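Asks: Structure file target.pdb, PDB, C-alpha atoms, pLDDT in the B column, is pasted below:
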```pdb
ATOM      1  CA  MET A   1      53.143 164.867 194.766  1.00 42.00           C
ATOM      2  CA  VAL A   2      49.466 164.321 194.085  1.00 46.00           C
ATOM      3  CA  CYS A   3      47.335 167.388 193.496  1.00 50.00           C
ATOM      4  CA  SER A   4      43.618 166.978 194.103  1.00 49.00           C
ATOM      5  CA  THR A   5      42.369 170.436 193.123  1.00 50.00           C
ATOM      6  CA  PRO A   6      41.713 171.341 189.487  1.00 55.00           C
ATOM      7  CA  ARG A   7      44.360 174.076 189.731  1.00 60.00           C
ATOM      8  CA  GLY A   8      46.809 171.610 191.301  1.00 71.00           C
ATOM      9  CA  GLN A   9      46.090 169.081 188.563  1.00 82.00           C
ATOM     10  CA  ARG A  10      46.717 171.737 185.912  1.00 81.00           C
ATOM     11  CA  HIS A  11      50.021 172.699 187.547  1.00 84.00           C
ATOM     12  CA  ARG A  12      51.002 169.032 187.742  1.00 88.00           C
ATOM     13  CA  ALA A  13      50.234 168.567 184.043  1.00 92.00           C
ATOM     14  CA  GLU A  14      52.224 171.707 183.157  1.00 95.00           C
ATOM     15  CA  TRP A  15      55.176 170.486 185.280  1.00 95.00           C
ATOM     16  CA  ASP A  16      55.009 167.094 183.559  1.00 95.00           C
ATOM     17  CA  ASP A  17      55.048 168.850 180.169  1.00 96.00           C
ATOM     18  CA  GLU A  18      58.073 170.898 181.238  1.00 97.00           C
ATOM     19  CA  LEU A  19      59.873 167.714 182.301  1.00 97.00           C
ATOM     20  CA  ALA A  20      59.027 165.998 179.009  1.00 97.00           C
ATOM     21  CA  ARG A  21      60.492 168.942 177.058  1.00 97.00           C
ATOM     22  CA  LEU A  22      63.547 168.821 179.319  1.00 98.00           C
ATOM     23  CA  ALA A  23      64.044 165.129 178.542  1.00 97.00           C
ATOM     24  CA  THR A  24      63.907 165.880 174.815  1.00 97.00           C
ATOM     25  CA  THR A  25      66.557 168.580 175.227  1.00 97.00           C
ATOM     26  CA  LEU A  26      68.791 166.338 177.347  1.00 97.00           C
ATOM     27  CA  ARG A  27      68.640 163.536 174.793  1.00 95.00           C
ATOM     28  CA  ALA A  28      69.636 165.970 172.046  1.00 94.00           C
ATOM     29  CA  TRP A  29      72.507 167.321 174.150  1.00 94.00           C
ATOM     30  CA  ARG A  30      73.777 163.812 174.899  1.00 92.00           C
ATOM     31  CA  GLU A  31      73.644 162.928 171.210  1.00 91.00           C
ATOM     32  CA  GLU A  32      75.439 166.136 170.181  1.00 89.00           C
ATOM     33  CA  LEU A  33      78.222 165.586 172.717  1.00 88.00           C
ATOM     34  CA  ALA A  34      78.627 161.928 171.842  1.00 86.00           C
ATOM     35  CA  THR A  35      78.788 162.565 168.085  1.00 85.00           C
ATOM     36  CA  GLY A  36      80.877 165.702 168.055  1.00 77.00           C
ATOM     37  CA  GLY A  37      78.320 168.495 167.985  1.00 65.00           C
ATOM     38  CA  ALA A  38      79.051 171.882 166.468  1.00 67.00           C
ATOM     39  CA  ASP A  39      82.771 171.890 167.286  1.00 72.00           C
ATOM     40  CA  GLY A  40      83.351 168.351 166.019  1.00 73.00           C
ATOM     41  CA  LYS A  41      84.848 167.122 169.321  1.00 75.00           C
ATOM     42  CA  VAL A  42      83.386 163.863 170.554  1.00 74.00           C
ATOM     43  CA  ARG A  43      82.901 163.892 174.331  1.00 74.00           C
ATOM     44  CA  ASP A  44      81.633 161.516 176.945  1.00 75.00           C
ATOM     45  CA  PRO A  45      78.379 163.170 178.039  1.00 75.00           C
ATOM     46  CA  ARG A  46      78.848 161.938 181.620  1.00 78.00           C
ATOM     47  CA  GLY A  47      79.387 164.930 183.876  1.00 81.00           C
ATOM     48  CA  ASN A  48      79.025 167.471 181.061  1.00 92.00           C
ATOM     49  CA  ILE A  49      75.241 167.926 181.377  1.00 96.00           C
ATOM     50  CA  ALA A  50      73.346 169.062 184.467  1.00 97.00           C
ATOM     51  CA  VAL A  51      69.861 170.022 185.605  1.00 98.00           C
ATOM     52  CA  CYS A  52      69.400 172.616 188.304  1.00 97.00           C
ATOM     53  CA  VAL A  53      66.224 173.169 190.360  1.00 97.00           C
ATOM     54  CA  ALA A  54      65.149 175.296 193.310  1.00 94.00           C
ATOM     55  CA  ASP A  55      64.653 172.659 196.007  1.00 93.00           C
ATOM     56  CA  LEU A  56      65.176 169.039 197.010  1.00 93.00           C
ATOM     57  CA  GLU A  57      61.574 168.042 196.272  1.00 94.00           C
ATOM     58  CA  ALA A  58      62.080 169.153 192.666  1.00 95.00           C
ATOM     59  CA  VAL A  59      65.403 167.241 192.521  1.00 96.00           C
ATOM     60  CA  ASN A  60      63.543 164.065 193.422  1.00 96.00           C
ATOM     61  CA  GLN A  61      60.766 164.732 190.917  1.00 96.00           C
ATOM     62  CA  VAL A  62      63.199 165.522 188.090  1.00 97.00           C
ATOM     63  CA  MET A  63      65.381 162.494 188.819  1.00 97.00           C
ATOM     64  CA  TYR A  64      62.352 160.203 188.967  1.00 97.00           C
ATOM     65  CA  HIS A  65      60.926 161.551 185.703  1.00 97.00           C
ATOM     66  CA  LEU A  66      64.211 161.414 183.816  1.00 97.00           C
ATOM     67  CA  ALA A  67      65.023 157.897 185.026  1.00 96.00           C
ATOM     68  CA  THR A  68      61.582 156.273 184.789  1.00 96.00           C
ATOM     69  CA  GLU A  69      59.688 158.218 182.142  1.00 94.00           C
ATOM     70  CA  ALA A  70      62.551 159.294 179.882  1.00 95.00           C
ATOM     71  CA  GLY A  71      64.990 156.403 180.354  1.00 94.00           C
ATOM     72  CA  LEU A  72      67.949 158.717 181.057  1.00 96.00           C
ATOM     73  CA  THR A  73      70.637 157.962 183.634  1.00 95.00           C
ATOM     74  CA  VAL A  74      70.938 160.527 186.410  1.00 97.00           C
ATOM     75  CA  ALA A  75      73.143 161.177 189.417  1.00 96.00           C
ATOM     76  CA  GLU A  76      72.277 163.460 192.317  1.00 97.00           C
ATOM     77  CA  LEU A  77      74.537 166.368 193.158  1.00 96.00           C
ATOM     78  CA  THR A  78      74.784 166.399 196.977  1.00 95.00           C
ATOM     79  CA  LYS A  79      76.830 168.223 199.627  1.00 93.00           C
ATOM     80  CA  GLU A  80      79.388 165.435 199.366  1.00 93.00           C
ATOM     81  CA  GLY A  81      79.522 165.581 195.568  1.00 91.00           C
ATOM     82  CA  VAL A  82      77.952 163.467 192.854  1.00 93.00           C
ATOM     83  CA  LYS A  83      75.998 160.462 194.167  1.00 95.00           C
ATOM     84  CA  GLY A  84      75.631 157.816 191.485  1.00 92.00           C
ATOM     85  CA  ASP A  85      77.133 157.330 188.052  1.00 89.00           C
ATOM     86  CA  GLY A  86      74.419 158.681 185.770  1.00 93.00           C
ATOM     87  CA  ASP A  87      75.213 160.796 182.725  1.00 92.00           C
ATOM     88  CA  ILE A  88      73.167 163.779 183.882  1.00 96.00           C
ATOM     89  CA  HIS A  89      73.771 165.493 187.218  1.00 97.00           C
ATOM     90  CA  VAL A  90      70.714 166.884 189.038  1.00 98.00           C
ATOM     91  CA  GLY A  91      70.832 169.181 192.055  1.00 97.00           C
ATOM     92  CA  THR A  92      69.593 172.290 193.774  1.00 96.00           C
ATOM     93  CA  MET A  93      70.949 175.720 192.936  1.00 95.00           C
ATOM     94  CA  HIS A  94      72.963 175.662 196.166  1.00 92.00           C
ATOM     95  CA  ARG A  95      74.877 172.588 194.992  1.00 94.00           C
ATOM     96  CA  PHE A  96      76.139 174.187 191.778  1.00 94.00           C
ATOM     97  CA  LYS A  97      78.286 176.868 193.385  1.00 90.00           C
ATOM     98  CA  GLY A  98      81.861 176.548 192.130  1.00 91.00           C
ATOM     99  CA  LEU A  99      81.022 173.931 189.483  1.00 94.00           C
ATOM    100  CA  GLU A 100      80.848 174.179 185.700  1.00 95.00           C
ATOM    101  CA  TYR A 101      78.965 172.130 183.146  1.00 95.00           C
ATOM    102  CA  GLN A 102      79.161 172.291 179.393  1.00 94.00           C
ATOM    103  CA  ARG A 103      75.353 172.255 179.176  1.00 96.00           C
ATOM    104  CA  LEU A 104      73.004 173.248 181.983  1.00 98.00           C
ATOM    105  CA  ALA A 105      69.220 173.351 182.271  1.00 98.00           C
ATOM    106  CA  ILE A 106      67.449 175.262 185.027  1.00 98.00           C
ATOM    107  CA  VAL A 107      63.877 173.984 185.307  1.00 97.00           C
ATOM    108  CA  GLY A 108      60.912 175.155 187.338  1.00 96.00           C
ATOM    109  CA  ALA A 109      62.123 178.788 187.360  1.00 96.00           C
ATOM    110  CA  ARG A 110      58.666 180.141 188.002  1.00 95.00           C
ATOM    111  CA  ASP A 111      57.162 182.869 190.107  1.00 94.00           C
ATOM    112  CA  GLY A 112      56.320 181.560 193.558  1.00 92.00           C
ATOM    113  CA  VAL A 113      59.299 179.216 193.491  1.00 94.00           C
ATOM    114  CA  ILE A 114      62.036 181.787 192.793  1.00 94.00           C
ATOM    115  CA  PRO A 115      61.540 183.634 195.094  1.00 90.00           C
ATOM    116  CA  ARG A 116      59.447 181.394 197.328  1.00 89.00           C
ATOM    117  CA  ALA A 117      55.886 182.664 197.706  1.00 90.00           C
ATOM    118  CA  SER A 118      55.899 181.724 201.404  1.00 88.00           C
ATOM    119  CA  VAL A 119      58.955 183.936 202.040  1.00 86.00           C
ATOM    120  CA  VAL A 120      57.424 186.865 200.183  1.00 86.00           C
ATOM    121  CA  GLN A 121      54.147 186.488 202.102  1.00 88.00           C
ATOM    122  CA  ARG A 122      55.930 186.133 205.434  1.00 86.00           C
ATOM    123  CA  TYR A 123      57.953 189.337 205.137  1.00 88.00           C
ATOM    124  CA  ARG A 124      55.973 191.567 202.735  1.00 87.00           C
ATOM    125  CA  ASP A 125      54.082 193.436 205.459  1.00 85.00           C
ATOM    126  CA  THR A 126      56.095 192.658 208.581  1.00 90.00           C
ATOM    127  CA  ASP A 127      59.732 193.094 207.589  1.00 92.00           C
ATOM    128  CA  PRO A 128      60.368 194.805 204.230  1.00 90.00           C
ATOM    129  CA  ARG A 129      64.137 194.881 204.809  1.00 93.00           C
ATOM    130  CA  ARG A 130      64.219 191.130 205.383  1.00 93.00           C
ATOM    131  CA  LEU A 131      62.057 190.669 202.296  1.00 92.00           C
ATOM    132  CA  ALA A 132      64.542 192.686 200.233  1.00 93.00           C
ATOM    133  CA  ARG A 133      67.421 190.516 201.553  1.00 93.00           C
ATOM    134  CA  GLU A 134      65.542 187.291 200.773  1.00 90.00           C
ATOM    135  CA  GLU A 135      64.674 188.500 197.266  1.00 93.00           C
ATOM    136  CA  LEU A 136      68.293 189.488 196.638  1.00 94.00           C
ATOM    137  CA  LYS A 137      69.423 186.069 197.873  1.00 93.00           C
ATOM    138  CA  ALA A 138      66.992 184.277 195.524  1.00 94.00           C
ATOM    139  CA  ARG A 139      68.019 186.426 192.552  1.00 94.00           C
ATOM    140  CA  SER A 140      71.721 185.909 193.297  1.00 94.00           C
ATOM    141  CA  LEU A 141      71.275 182.156 193.629  1.00 93.00           C
ATOM    142  CA  LEU A 142      69.545 181.994 190.239  1.00 95.00           C
ATOM    143  CA  PHE A 143      72.339 184.085 188.716  1.00 95.00           C
ATOM    144  CA  VAL A 144      75.039 181.831 190.177  1.00 94.00           C
ATOM    145  CA  ALA A 145      73.223 178.748 188.885  1.00 95.00           C
ATOM    146  CA  ALA A 146      72.935 180.274 185.407  1.00 96.00           C
ATOM    147  CA  THR A 147      76.649 181.067 185.326  1.00 96.00           C
ATOM    148  CA  ARG A 148      77.509 177.397 185.865  1.00 96.00           C
ATOM    149  CA  ALA A 149      76.792 176.750 182.160  1.00 96.00           C
ATOM    150  CA  ARG A 150      79.917 176.965 180.042  1.00 94.00           C
ATOM    151  CA  ASP A 151      78.448 176.636 176.535  1.00 93.00           C
ATOM    152  CA  THR A 152      74.679 176.185 176.694  1.00 95.00           C
ATOM    153  CA  LEU A 153      72.060 177.366 179.203  1.00 97.00           C
ATOM    154  CA  ARG A 154      68.359 176.480 179.066  1.00 98.00           C
ATOM    155  CA  ILE A 155      65.930 178.059 181.548  1.00 97.00           C
ATOM    156  CA  SER A 156      62.323 176.875 181.645  1.00 97.00           C
ATOM    157  CA  TRP A 157      59.182 177.339 183.708  1.00 95.00           C
ATOM    158  CA  TYR A 158      55.489 176.760 183.543  1.00 92.00           C
ATOM    159  CA  GLY A 159      52.928 179.359 184.416  1.00 92.00           C
ATOM    160  CA  LYS A 160      54.425 182.755 185.137  1.00 94.00           C
ATOM    161  CA  PRO A 161      58.246 182.947 185.005  1.00 96.00           C
ATOM    162  CA  SER A 162      60.279 184.083 187.980  1.00 96.00           C
ATOM    163  CA  PRO A 163      60.622 187.868 188.026  1.00 94.00           C
ATOM    164  CA  TYR A 164      64.386 187.267 187.864  1.00 95.00           C
ATOM    165  CA  VAL A 165      64.292 185.529 184.487  1.00 93.00           C
ATOM    166  CA  PRO A 166      65.123 188.092 181.782  1.00 83.00           C
ATOM    167  CA  LYS A 167      62.291 188.844 179.413  1.00 74.00           C
TER     168      LYS A 167
END
```
Can you give me the file's structure in the form of structure tokens?
Replies:
Amino acid sequence: MVCSTPRGQRHRAEWDDELARLATTLRAWREELATGGADGKVRDPRGNIAVCVADLEAVNQVMYHLATEAGLTVAELTKEGVKGDGDIHVGTMHRFKGLEYQRLAIVGARDGVIPRASVVQRYRDTDPRRLAREELKARSLLFVAATRARDTLRISWYGKPSPYVPK
């Protein structure tokens, strides 16, 4: 995604900063799991750490950044299950239903993404009941994603946070 406007460039830089902070957190989590962490139990980090995002475009961006910029191994969480053998699973909120990870990061949880600005604009004036359903669906999906973390949850955003992220 290349942004040519100054605002788009700023958002891109903020997203890149968020991804860099995520990579730092993921490295620390991997190290803690591999060396015993707070509980002293040494674990294989593979399949114990996950990153959750709102849409497939963000999955691709996160996977690319983590693999190329941060040197972390990643595997995509798809409809069919985990694709690849990377330590860190990355997928959309929809893919995390019914799963559990010891450590989970939700990234890009910002206003305009959760809920989607296009959905809000589409239904705000024409169909308030549909808007309410779509907002409830987005809030519920974020809640379900957040409950997939067993021990540690990290939620991040750039710009303004989603209205569904607790203050």
Asks: Extract, using only C-alpha atoms, all DNA, RNA and protein residues at most 9 Å from segment 79-89 of chain A, discarding same-chain residues fewer than 2 positions from it, and format them as a CSV table (one decimal) with C-alpha atoms, in the coordinates of the input.
Replies:
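Written output follows (out-v5.csv):
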```
chain,number,residue,atom,x,y,z
A,26,LEU,CA,68.8,166.3,177.3
A,30,ARG,CA,73.8,163.8,174.9
A,44,ASP,CA,81.6,161.5,176.9
A,45,PRO,CA,78.4,163.2,178.0
A,46,ARG,CA,78.8,161.9,181.6
A,47,GLY,CA,79.4,164.9,183.9
A,48,ASN,CA,79.0,167.5,181.1
A,49,ILE,CA,75.2,167.9,181.4
A,50,ALA,CA,73.3,169.1,184.5
A,51,VAL,CA,69.9,170.0,185.6
A,52,CYS,CA,69.4,172.6,188.3
A,72,LEU,CA,67.9,158.7,181.1
A,73,THR,CA,70.6,158.0,183.6
A,74,VAL,CA,70.9,160.5,186.4
A,75,ALA,CA,73.1,161.2,189.4
A,76,GLU,CA,72.3,163.5,192.3
A,77,LEU,CA,74.5,166.4,193.2
A,91,GLY,CA,70.8,169.2,192.1
A,95,ARG,CA,74.9,172.6,195.0
```
Asks: Each side padded by 5 Å, which centre and which edge lengths in Å (one decimal) define the axis-aligned box around the listed atoms of segment 85-91 of chain A? Give them as JSON.
Replies:
```
{"center_x": 73.9, "center_y": 163.3, "center_z": 187.4, "size_x": 16.4, "size_y": 21.9, "size_z": 19.3}
```
Asks: Hey, which of A:Val90, A:Val42, A:Leu153, A:Val53 ends up closest to Gln102 of chain A? Count all atoms listed in the file.
Replies: A:Leu153
Asks: Which one of A:Thr92, A:Lys167, A:Val119, A:Asp151 sits closest to Ala58 of chain A if you count all atoms listed in the file?
Replies: A:Thr92
Asks: From the list A:Lys41, A:Arg103, A:His65, A:Arg10, which residue is nearest Thr152 of chain A when using all atoms listed in the file?
Replies: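 Among A:Lys41, A:Arg103, A:His65, A:Arg10, it is A:Arg103 that comes nearest to Thr152 of chain A.
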Asks: Could you tell me, as a list in words, exactly which residues end up selected when the PyMOL selection byres ((chain A and resi 70) around 10) is applied to this structure?
Replies: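 On the file shown, the PyMOL selection byres ((chain A and resi 70) around 10) covers Leu19, Ala20, Leu22, Ala23, Thr24, Leu26, Arg27, Met63, Tyr64, His65, Leu66, Ala67, Thr68, Glu69, Gly71, Leu72 and Thr73 of chain A.
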Asks: Would you pull segment 152-166 of chain A out of the block just shown and save all heavy atoms as an mmCIF file, in the first residue's frame?
Replies:
```cif
data_model
loop_
_atom_site.group_PDB
_atom_site.id
_atom_site.type_symbol
_atom_site.label_atom_id
_atom_site.label_comp_id
_atom_site.auth_asym_id
_atom_site.auth_seq_id
_atom_site.Cartn_x
_atom_site.Cartn_y
_atom_site.Cartn_z
ATOM 1 N N THR A 152 -1.969 -13.304 28.105
ATOM 2 C CA THR A 152 -1.558 -11.937 27.813
ATOM 3 C C THR A 152 -2.266 -11.435 26.561
ATOM 4 O O THR A 152 -2.268 -12.103 25.540
ATOM 5 C CB THR A 152 -0.032 -11.854 27.584
ATOM 6 O OG1 THR A 152 0.639 -12.443 28.691
ATOM 7 C CG2 THR A 152 0.422 -10.420 27.403
ATOM 8 N N LEU A 153 -2.846 -10.229 26.675
ATOM 9 C CA LEU A 153 -3.499 -9.563 25.545
ATOM 10 C C LEU A 153 -2.882 -8.191 25.376
ATOM 11 O O LEU A 153 -2.727 -7.447 26.346
ATOM 12 C CB LEU A 153 -5.005 -9.422 25.793
ATOM 13 C CG LEU A 153 -5.788 -8.582 24.786
ATOM 14 C CD1 LEU A 153 -5.768 -9.248 23.398
ATOM 15 C CD2 LEU A 153 -7.218 -8.372 25.264
ATOM 16 N N ARG A 154 -2.547 -7.855 24.136
ATOM 17 C CA ARG A 154 -2.017 -6.524 23.796
ATOM 18 C C ARG A 154 -2.887 -5.982 22.673
ATOM 19 O O ARG A 154 -3.017 -6.621 21.633
ATOM 20 C CB ARG A 154 -0.571 -6.659 23.342
ATOM 21 C CG ARG A 154 0.049 -5.365 22.846
ATOM 22 C CD ARG A 154 1.393 -5.696 22.175
ATOM 23 N NE ARG A 154 2.142 -4.533 21.817
ATOM 24 C CZ ARG A 154 2.044 -3.909 20.659
ATOM 25 N NH1 ARG A 154 1.168 -4.293 19.744
ATOM 26 N NH2 ARG A 154 2.800 -2.858 20.402
ATOM 27 N N ILE A 155 -3.481 -4.812 22.876
ATOM 28 C CA ILE A 155 -4.282 -4.165 21.831
ATOM 29 C C ILE A 155 -3.606 -2.844 21.492
ATOM 30 O O ILE A 155 -3.290 -2.058 22.391
ATOM 31 C CB ILE A 155 -5.729 -3.905 22.290
ATOM 32 C CG1 ILE A 155 -6.412 -5.216 22.685
ATOM 33 C CG2 ILE A 155 -6.521 -3.201 21.182
ATOM 34 C CD1 ILE A 155 -7.822 -5.050 23.228
ATOM 35 N N SER A 156 -3.395 -2.609 20.190
ATOM 36 C CA SER A 156 -2.737 -1.366 19.781
ATOM 37 C C SER A 156 -3.451 -0.756 18.585
ATOM 38 O O SER A 156 -4.207 -1.415 17.881
ATOM 39 C CB SER A 156 -1.260 -1.624 19.461
ATOM 40 O OG SER A 156 -1.131 -2.476 18.340
ATOM 41 N N TRP A 157 -3.184 0.529 18.378
ATOM 42 C CA TRP A 157 -3.757 1.286 17.279
ATOM 43 C C TRP A 157 -2.876 2.491 17.042
ATOM 44 O O TRP A 157 -2.022 2.820 17.848
ATOM 45 C CB TRP A 157 -5.181 1.745 17.619
ATOM 46 C CG TRP A 157 -5.216 2.618 18.837
ATOM 47 C CD1 TRP A 157 -5.065 3.988 18.880
ATOM 48 C CD2 TRP A 157 -5.341 2.198 20.188
ATOM 49 N NE1 TRP A 157 -5.102 4.436 20.170
ATOM 50 C CE2 TRP A 157 -5.268 3.345 21.004
ATOM 51 C CE3 TRP A 157 -5.506 0.956 20.811
ATOM 52 C CZ2 TRP A 157 -5.366 3.292 22.386
ATOM 53 C CZ3 TRP A 157 -5.599 0.916 22.182
ATOM 54 C CH2 TRP A 157 -5.537 2.063 22.951
ATOM 55 N N TYR A 158 -3.086 3.126 15.923
ATOM 56 C CA TYR A 158 -2.491 4.442 15.715
ATOM 57 C C TYR A 158 -3.638 5.384 15.402
ATOM 58 O O TYR A 158 -4.718 4.957 15.009
ATOM 59 C CB TYR A 158 -1.427 4.426 14.610
ATOM 60 C CG TYR A 158 -1.962 4.128 13.234
ATOM 61 C CD1 TYR A 158 -2.413 5.154 12.412
ATOM 62 C CD2 TYR A 158 -2.014 2.831 12.752
ATOM 63 C CE1 TYR A 158 -2.904 4.883 11.147
ATOM 64 C CE2 TYR A 158 -2.498 2.554 11.494
ATOM 65 C CZ TYR A 158 -2.940 3.585 10.697
ATOM 66 O OH TYR A 158 -3.434 3.319 9.448
ATOM 67 N N GLY A 159 -3.419 6.639 15.632
ATOM 68 C CA GLY A 159 -4.502 7.599 15.465
ATOM 69 C C GLY A 159 -5.491 7.461 16.610
ATOM 70 O O GLY A 159 -5.114 7.252 17.759
ATOM 71 N N LYS A 160 -6.752 7.512 16.273
ATOM 72 C CA LYS A 160 -7.818 7.412 17.272
ATOM 73 C C LYS A 160 -8.197 5.935 17.450
ATOM 74 O O LYS A 160 -8.450 5.242 16.472
ATOM 75 C CB LYS A 160 -9.018 8.227 16.799
ATOM 76 C CG LYS A 160 -10.167 8.276 17.767
ATOM 77 C CD LYS A 160 -11.307 9.135 17.215
ATOM 78 C CE LYS A 160 -12.488 9.091 18.143
ATOM 79 N NZ LYS A 160 -13.649 9.761 17.543
ATOM 80 N N PRO A 161 -8.267 5.458 18.702
ATOM 81 C CA PRO A 161 -8.631 4.045 18.904
ATOM 82 C C PRO A 161 -10.075 3.773 18.521
ATOM 83 O O PRO A 161 -10.911 4.677 18.497
ATOM 84 C CB PRO A 161 -8.418 3.835 20.402
ATOM 85 C CG PRO A 161 -8.574 5.186 21.003
ATOM 86 C CD PRO A 161 -8.074 6.157 19.979
ATOM 87 N N SER A 162 -10.366 2.523 18.251
ATOM 88 C CA SER A 162 -11.741 2.102 17.999
ATOM 89 C C SER A 162 -12.592 2.510 19.202
ATOM 90 O O SER A 162 -12.136 2.426 20.348
ATOM 91 C CB SER A 162 -11.795 0.581 17.830
ATOM 92 O OG SER A 162 -13.137 0.129 17.910
ATOM 93 N N PRO A 163 -13.845 2.904 18.960
ATOM 94 C CA PRO A 163 -14.706 3.230 20.093
ATOM 95 C C PRO A 163 -14.990 2.025 20.985
ATOM 96 O O PRO A 163 -15.496 2.174 22.089
ATOM 97 C CB PRO A 163 -15.988 3.751 19.430
ATOM 98 C CG PRO A 163 -15.949 3.268 18.033
ATOM 99 C CD PRO A 163 -14.512 3.085 17.675
ATOM 100 N N TYR A 164 -14.643 0.838 20.542
ATOM 101 C CA TYR A 164 -14.888 -0.383 21.307
ATOM 102 C C TYR A 164 -13.711 -0.805 22.162
ATOM 103 O O TYR A 164 -13.784 -1.797 22.876
ATOM 104 C CB TYR A 164 -15.290 -1.522 20.385
ATOM 105 C CG TYR A 164 -16.403 -1.143 19.445
ATOM 106 C CD1 TYR A 164 -16.346 -1.484 18.109
ATOM 107 C CD2 TYR A 164 -17.498 -0.425 19.891
ATOM 108 C CE1 TYR A 164 -17.355 -1.122 17.250
ATOM 109 C CE2 TYR A 164 -18.510 -0.063 19.029
ATOM 110 C CZ TYR A 164 -18.442 -0.410 17.702
ATOM 111 O OH TYR A 164 -19.431 -0.047 16.845
ATOM 112 N N VAL A 165 -12.607 -0.073 22.084
ATOM 113 C CA VAL A 165 -11.451 -0.353 22.927
ATOM 114 C C VAL A 165 -11.665 0.389 24.241
ATOM 115 O O VAL A 165 -11.850 1.610 24.226
ATOM 116 C CB VAL A 165 -10.128 0.085 22.258
ATOM 117 C CG1 VAL A 165 -8.963 -0.070 23.208
ATOM 118 C CG2 VAL A 165 -9.894 -0.718 20.976
ATOM 119 N N PRO A 166 -11.650 -0.314 25.365
ATOM 120 C CA PRO A 166 -11.873 0.360 26.654
ATOM 121 C C PRO A 166 -10.851 1.462 26.903
ATOM 122 O O PRO A 166 -9.685 1.310 26.552
ATOM 123 C CB PRO A 166 -11.728 -0.754 27.689
ATOM 124 C CG PRO A 166 -11.788 -2.019 26.926
ATOM 125 C CD PRO A 166 -11.393 -1.730 25.513
#
```
